[in-house]
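Below: one structure, written as structure tokens.
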Amino acid sequence: MKHHALEQLQIVAEVDQDYPRQTLSKSQRLERWAALLEQNPERRLSTLHQTEYQPASQRSAMRGEGSPISVAFDDPVLRAAGLENDSYGEAKRFFQLSDRQLHNVICYCHFGATVNAATAAYYIRRLVPTGTRRGMLARLREMFVG
């Protein structure tokens, strides 16, 4: 899939930026991402190399063809909800994840060069908020660990 900036697309096509975005909660976005991966659970997906050691600007721009993030970006529902590209930084923003959380889903150091889709889906489902009322220990853990 070839990716273009909005400015590049406006040169060759009329782009309607007033298209209404579908509103999905964080839980709905994460659940949909996991469900997309589970459609082909044995599919091998590329990981991103050493995300934890990259400067923030480089980490944000990281992407991999055939990665768990690109599976999410290929989905028209998630794109309509606001997923703008398949970069690390965009996945972090759109899915409202910390670096540590996203690292645990897509980094090379956990899985090697590839991860199967079912494993990525498992780790994504672990990030789905379980409810608005969480115990004090859970809130403290989130505050310190991410």
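Ligands are numbered from 1 in the order shown, residues from 1 within each chain, and chains are lettered A, B, ... in the order they appear in the structure tokens.
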Give me the residues within 12 Å of Cys107 of chain A as a ChimeraX atom specification, counting only C-alpha atoms and dropping any in the same chain fewer than 4 places off. /A:45-54,59,62-64,67-69,88,99-103,111-115,120,123
Would you mind listing what lies within 12 Å of Asn40 of chain A as a PyMOL selection string, with only C-alpha atoms counted and same-chain residues fewer than 5 positions away left out? chain A and resi 34-35+45+68+71+116-121
Segment 72-86 of chain A surroundings by only C-alpha atoms, 9 Å radius, close-in-sequence under 3 positions cut, as JSON, numbers by chain: {"A": [1, 3, 19, 20, 21, 22, 23, 24, 29, 32, 33, 34, 36, 37, 62, 63, 64, 65, 67, 68, 69, 89, 90, 91, 93, 94, 95]}
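Going from atom CA of Ile106 of chain A to atom CA of Gln28 of chain A covers 19.6 Å.
Here atom CA of Ala61 of chain A stands at a distance of 22.0 Å from atom CA of Arg44 of chain A.
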May I have all residues of segment 83-138 of chain A that DSSP, computed from the backbone, assigns to strand (DSSP E or B), given as a ChimeraX atom specification? /A:107,114-116
